[in-house]
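Step one of this worksheet: look at the structure below.
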Amino acid sequence: MSTTTVSTTSSQRKKVTTLTFRQKKERGEPITMLTAYDYPTAMAIDKAGIDSILVGDSLAMVVLGYENTLPVTMDEMLHHARAVARGAKAPLLVGDMPFMSYQVSVEEALRNAGRFLQQGGMDAVKLEGGRERADAVRAITGAGIPVMGHLGLTPQSVHQLGGFRAQGKTASAAKRLLEDAQILEEAGAFSLVLEAVPARLAEYISKHISIPTIGIGAGAGCDGQVLVTHDLLGLFERFTPKFVRQYANLHETMNKAFTEYLNDVNTKQFPAAEHTVEMTDEEWAAFQKEVK
Ligand code: KIV
């Protein structure tokens, strides 16, 4: 883990765009991305200098408490996207298209992608899947909306994949993944998330496509990295994937704070004098006269 550096520079930094992503790949500079679902987290991520924020459909699990990402709706995603857009100015903001918002038809995919920009304040959208999504990616990018692809472990297909499991581990699956990455690139995607795929495959794909890859559980050979912020902060207790590095334990910190508050209220140590509103003795005397 690197030594601690607290960044305070960000509100004046230049807006990160899809062009920045491309330039960073060309220069061999890692692209940084985290998820956010609310205003204060978005502000803190922006302030730290992170390149991009994904309003991920992981919202369903880490904020809304569902078992998987399938139940979250477009309206819920847009509600959280707007909060993030109010909090983060410099990062490239990517809205994650939820389950069934882009699978039914290309027209629906385009309409919902547009909503992320018009109603959610996002700069780009992300959707899961390879060759089967090429037409949707073409239509959305054709309308001027940048699209990030997502290959490997695609959580919206959890039932088809037989669970949250690593992908691309056989030669034929790896070849199919490479082809999907090339198809998405050709369809116009500006970047690609690679989730839970073997590190050497992710590195190979990253070297054989011109658009940046953003890895999660895909090793250091990707052009950038993304993590679910609640995992990084130790806020999500239910489970932590193997590929997460936990930089804080906020669940424990919250628990400690809540327990101390409980104790302070029970023992009447809170509120103290400094937390209390006062009125003058004259007004108090007048009040007592009024109510006699
Ligand atoms: O929804 C999400 O948070 C994601 C990341 C895991 C990439 O898709």
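Chain labels follow the order of the structure tokens: the first chain is A, the next B, and so on; residue numbering restarts at 1 in every chain, and ligands are counted from 1 in their shown order.
Around ligand 1, the neighbouring residues within 6 Å, taking only C-alpha atoms and all ligand atoms, come to Thr35, Gly56, Asp57, Ser58 and Val228 of chain A.
DSSP on the backbone gives helix (DSSP H, G or I) for these parts of segment 215-250 of chain A: Thr229, His230, Asp231, Leu232 and Leu250 of chain A.
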* Atomic distance atom CA of Phe243 of chain A - atom CA of Leu194 of chain A, expressed in Å with one decimal -> 12.7 Å
* Give me the residues within 12 Å of Thr73 of chain A as JSON, numbers by chain, counting only C-alpha atoms and dropping any in the same chain fewer than 5 places off. => {"A": [56, 57, 58, 59, 60, 64, 78, 79, 80, 96, 97, 98, 99, 100, 101, 102, 112]}
* Which of these residues is nearest to Ile31 of chain A, using only C-alpha atoms: A:Leu227, A:Met254, A:Asp123, A:Arg13? -> A:Leu227
* To do: Please identify all polymer residues within 8 Å of Arg131 of chain A, counting only C-alpha atoms, omitting same-chain residues fewer than 6 positions from it, and present them as a list in words.
  => Asp180, Ile183 and Leu184 of chain A
* Skip Ala248 of chain A itself and residues of its chain fewer than 3 positions away, then list as a PyMOL selection string all residues within 10 Å of it, counting only C-alpha atoms. => chain A and resi 230-235+245+251-253
Restricting the output to N, CA, C and O atoms, write the selected residues as a PDB file, in the first residue's frame.
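Now in selection-v3.pdb:
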```
ATOM      1  N   HIS A 230     -17.500   1.127  -1.591  1.00  0.00           N
ATOM      2  CA  HIS A 230     -17.909   0.538  -0.311  1.00  0.00           C
ATOM      3  C   HIS A 230     -16.999  -0.623   0.094  1.00  0.00           C
ATOM      4  O   HIS A 230     -16.811  -0.881   1.284  1.00  0.00           O
ATOM      5  N   ASP A 231     -16.428  -1.329  -0.895  1.00  0.00           N
ATOM      6  CA  ASP A 231     -15.464  -2.401  -0.593  1.00  0.00           C
ATOM      7  C   ASP A 231     -14.156  -1.792  -0.113  1.00  0.00           C
ATOM      8  O   ASP A 231     -13.568  -2.230   0.881  1.00  0.00           O
ATOM      9  N   LEU A 232     -13.675  -0.786  -0.830  1.00  0.00           N
ATOM     10  CA  LEU A 232     -12.401  -0.118  -0.495  1.00  0.00           C
ATOM     11  C   LEU A 232     -12.454   0.488   0.909  1.00  0.00           C
ATOM     12  O   LEU A 232     -11.471   0.469   1.650  1.00  0.00           O
ATOM     13  N   LEU A 233     -13.630   1.032   1.261  1.00  0.00           N
ATOM     14  CA  LEU A 233     -13.759   1.704   2.559  1.00  0.00           C
ATOM     15  C   LEU A 233     -14.134   0.743   3.694  1.00  0.00           C
ATOM     16  O   LEU A 233     -14.218   1.159   4.851  1.00  0.00           O
ATOM     17  N   GLY A 234     -14.389  -0.511   3.354  1.00  0.00           N
ATOM     18  CA  GLY A 234     -14.819  -1.455   4.391  1.00  0.00           C
ATOM     19  C   GLY A 234     -16.189  -1.092   4.954  1.00  0.00           C
ATOM     20  O   GLY A 234     -16.454  -1.231   6.142  1.00  0.00           O
ATOM     21  N   LEU A 235     -17.072  -0.635   4.048  1.00  0.00           N
ATOM     22  CA  LEU A 235     -18.418  -0.242   4.472  1.00  0.00           C
ATOM     23  C   LEU A 235     -19.420  -1.361   4.253  1.00  0.00           C
ATOM     24  O   LEU A 235     -20.500  -1.358   4.811  1.00  0.00           O
ATOM     25  N   ARG A 245      -8.616  -4.446  -2.232  1.00  0.00           N
ATOM     26  CA  ARG A 245      -7.753  -4.023  -1.128  1.00  0.00           C
ATOM     27  C   ARG A 245      -8.575  -3.037  -0.302  1.00  0.00           C
ATOM     28  O   ARG A 245      -9.047  -2.027  -0.818  1.00  0.00           O
ATOM     29  N   HIS A 251     -17.045   0.490   8.471  1.00  0.00           N
ATOM     30  CA  HIS A 251     -18.131  -0.186   9.184  1.00  0.00           C
ATOM     31  C   HIS A 251     -17.812  -0.189  10.679  1.00  0.00           C
ATOM     32  O   HIS A 251     -18.656   0.151  11.511  1.00  0.00           O
ATOM     33  N   GLU A 252     -16.566  -0.533  10.988  1.00  0.00           N
ATOM     34  CA  GLU A 252     -16.134  -0.556  12.393  1.00  0.00           C
ATOM     35  C   GLU A 252     -16.141   0.864  12.988  1.00  0.00           C
ATOM     36  O   GLU A 252     -16.604   1.069  14.102  1.00  0.00           O
ATOM     37  N   THR A 253     -15.654   1.830  12.191  1.00  0.00           N
ATOM     38  CA  THR A 253     -15.634   3.218  12.661  1.00  0.00           C
ATOM     39  C   THR A 253     -17.056   3.710  12.947  1.00  0.00           C
ATOM     40  O   THR A 253     -17.305   4.359  13.972  1.00  0.00           O
TER      41      THR A 253
END
```
* Pick out each residue of segment 99-249 of chain A that DSSP on the backbone tags as strand (DSSP E); I need them as number ranges by chain. => A: 124-126, 147-152, 191-195, 213-216, 224-227
For the residues selected in the previous step, produce a file with N, CA and C atoms as a PDB file, in the first residue's frame.
```pdb
ATOM      1  N   ALA A 124     -21.173   9.782 -19.717  1.00  0.00           N
ATOM      2  CA  ALA A 124     -21.043   8.545 -20.499  1.00  0.00           C
ATOM      3  C   ALA A 124     -21.892   7.470 -19.828  1.00  0.00           C
ATOM      4  N   VAL A 125     -22.069   6.353 -20.522  1.00  0.00           N
ATOM      5  CA  VAL A 125     -22.793   5.221 -19.920  1.00  0.00           C
ATOM      6  C   VAL A 125     -21.936   3.962 -20.024  1.00  0.00           C
ATOM      7  N   LYS A 126     -22.268   2.995 -19.173  1.00  0.00           N
ATOM      8  CA  LYS A 126     -21.607   1.679 -19.248  1.00  0.00           C
ATOM      9  C   LYS A 126     -22.682   0.619 -19.417  1.00  0.00           C
ATOM     10  N   VAL A 147     -19.705   5.288 -24.711  1.00  0.00           N
ATOM     11  CA  VAL A 147     -20.077   4.008 -24.075  1.00  0.00           C
ATOM     12  C   VAL A 147     -18.837   3.291 -23.563  1.00  0.00           C
ATOM     13  N   MET A 148     -18.927   2.848 -22.311  1.00  0.00           N
ATOM     14  CA  MET A 148     -17.904   1.979 -21.726  1.00  0.00           C
ATOM     15  C   MET A 148     -18.476   0.564 -21.740  1.00  0.00           C
ATOM     16  N   GLY A 149     -17.724  -0.389 -22.266  1.00  0.00           N
ATOM     17  CA  GLY A 149     -18.177  -1.779 -22.241  1.00  0.00           C
ATOM     18  C   GLY A 149     -17.808  -2.441 -20.918  1.00  0.00           C
ATOM     19  N   HIS A 150     -18.266  -3.670 -20.744  1.00  0.00           N
ATOM     20  CA  HIS A 150     -17.978  -4.414 -19.500  1.00  0.00           C
ATOM     21  C   HIS A 150     -17.995  -5.895 -19.850  1.00  0.00           C
ATOM     22  N   LEU A 151     -16.828  -6.524 -19.751  1.00  0.00           N
ATOM     23  CA  LEU A 151     -16.681  -7.943 -20.111  1.00  0.00           C
ATOM     24  C   LEU A 151     -16.107  -8.749 -18.946  1.00  0.00           C
ATOM     25  N   GLY A 152     -16.194 -10.062 -19.066  1.00  0.00           N
ATOM     26  CA  GLY A 152     -15.685 -10.941 -18.014  1.00  0.00           C
ATOM     27  C   GLY A 152     -16.838 -11.303 -17.098  1.00  0.00           C
ATOM     28  N   SER A 191     -13.946   2.723 -23.967  1.00  0.00           N
ATOM     29  CA  SER A 191     -13.202   2.074 -22.887  1.00  0.00           C
ATOM     30  C   SER A 191     -13.942   0.795 -22.517  1.00  0.00           C
ATOM     31  N   LEU A 192     -13.290  -0.016 -21.688  1.00  0.00           N
ATOM     32  CA  LEU A 192     -13.827  -1.349 -21.404  1.00  0.00           C
ATOM     33  C   LEU A 192     -13.475  -1.761 -19.984  1.00  0.00           C
ATOM     34  N   VAL A 193     -14.476  -2.145 -19.194  1.00  0.00           N
ATOM     35  CA  VAL A 193     -14.179  -2.750 -17.897  1.00  0.00           C
ATOM     36  C   VAL A 193     -13.920  -4.237 -18.117  1.00  0.00           C
ATOM     37  N   LEU A 194     -12.856  -4.756 -17.515  1.00  0.00           N
ATOM     38  CA  LEU A 194     -12.592  -6.198 -17.521  1.00  0.00           C
ATOM     39  C   LEU A 194     -12.689  -6.666 -16.079  1.00  0.00           C
ATOM     40  N   GLU A 195     -13.691  -7.475 -15.779  1.00  0.00           N
ATOM     41  CA  GLU A 195     -13.912  -7.875 -14.382  1.00  0.00           C
ATOM     42  C   GLU A 195     -13.628  -9.363 -14.187  1.00  0.00           C
ATOM     43  N   THR A 213      -8.496  -0.252 -21.126  1.00  0.00           N
ATOM     44  CA  THR A 213      -9.204  -1.235 -20.306  1.00  0.00           C
ATOM     45  C   THR A 213      -9.118  -0.795 -18.848  1.00  0.00           C
ATOM     46  N   ILE A 214     -10.217  -0.987 -18.128  1.00  0.00           N
ATOM     47  CA  ILE A 214     -10.261  -0.650 -16.705  1.00  0.00           C
ATOM     48  C   ILE A 214     -10.508  -1.966 -15.978  1.00  0.00           C
ATOM     49  N   GLY A 215      -9.556  -2.380 -15.183  1.00  0.00           N
ATOM     50  CA  GLY A 215      -9.657  -3.698 -14.563  1.00  0.00           C
ATOM     51  C   GLY A 215     -10.247  -3.658 -13.166  1.00  0.00           C
ATOM     52  N   ILE A 216     -10.958  -4.734 -12.858  1.00  0.00           N
ATOM     53  CA  ILE A 216     -11.383  -4.981 -11.466  1.00  0.00           C
ATOM     54  C   ILE A 216     -11.217  -6.486 -11.272  1.00  0.00           C
ATOM     55  N   GLY A 224      -6.219   0.837 -16.508  1.00  0.00           N
ATOM     56  CA  GLY A 224      -6.717   1.545 -15.340  1.00  0.00           C
ATOM     57  C   GLY A 224      -7.323   0.557 -14.362  1.00  0.00           C
ATOM     58  N   GLN A 225      -7.762   1.074 -13.230  1.00  0.00           N
ATOM     59  CA  GLN A 225      -8.357   0.221 -12.191  1.00  0.00           C
ATOM     60  C   GLN A 225      -9.629   0.871 -11.675  1.00  0.00           C
ATOM     61  N   VAL A 226     -10.608   0.024 -11.340  1.00  0.00           N
ATOM     62  CA  VAL A 226     -11.822   0.504 -10.673  1.00  0.00           C
ATOM     63  C   VAL A 226     -12.090  -0.402  -9.479  1.00  0.00           C
ATOM     64  N   LEU A 227     -12.611   0.180  -8.411  1.00  0.00           N
ATOM     65  CA  LEU A 227     -13.099  -0.604  -7.273  1.00  0.00           C
ATOM     66  C   LEU A 227     -14.452  -0.055  -6.846  1.00  0.00           C
TER      67      LEU A 227
END
```
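With only C-alpha atoms taken into account, the protein and nucleic acid residues at most 9 Å from Pro30 of chain A (excluding it and anything under 3 positions from it in its own chain) are Lys24, Lys25, Arg27, Cys222, Asp223, Gly224 and Gln225 of chain A.
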Let me see the file: selected residues, N, CA and C atoms, as a CSV table (one decimal), in the first residue's frame.
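result_8.csv, written as the output of this step:
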```
chain,number,residue,atom,x,y,z
A,24,LYS,N,-4.1,9.0,-21.7
A,24,LYS,CA,-3.5,8.3,-20.5
A,24,LYS,C,-3.0,6.9,-21.0
A,25,LYS,N,-3.8,6.3,-21.8
A,25,LYS,CA,-3.4,4.9,-22.3
A,25,LYS,C,-2.2,5.1,-23.1
A,27,ARG,N,0.1,7.3,-23.0
A,27,ARG,CA,1.3,7.7,-22.2
A,27,ARG,C,1.6,6.6,-21.2
A,222,CYS,N,-3.9,-4.0,-16.9
A,222,CYS,CA,-5.0,-3.1,-17.5
A,222,CYS,C,-4.5,-1.7,-17.6
A,223,ASP,N,-5.2,-0.9,-18.3
A,223,ASP,CA,-4.8,0.5,-18.5
A,223,ASP,C,-5.3,1.4,-17.3
A,224,GLY,N,-6.2,0.8,-16.5
A,224,GLY,CA,-6.7,1.5,-15.3
A,224,GLY,C,-7.3,0.6,-14.4
A,225,GLN,N,-7.8,1.1,-13.2
A,225,GLN,CA,-8.4,0.2,-12.2
A,225,GLN,C,-9.6,0.9,-11.7
```
* **Long-range neighbours of Pro91 of chain A as number ranges by chain, 12 Å cut-off, only C-alpha atoms, 4 positions minimum in chain** => A: 10-18, 20-21, 31-36, 42-55, 84-87, 122-124
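The residue that comes closest to Phe239 of chain A, out of A:Gly95, A:Met61, A:Ile140, A:Ala181 and on the basis of only C-alpha atoms, is A:Met61.
Residue nearest Arg111 of chain A, chosen from A:Ala199, A:Ala90, A:Met74, A:Arg133 and counting only C-alpha atoms: A:Met74.
In this model, the gap between atom CA of Pro40 of chain A and atom CA of Val72 of chain A comes to 21.4 Å.
Going from atom CA of Val94 of chain A to atom CA of Glu179 of chain A covers 24.0 Å.
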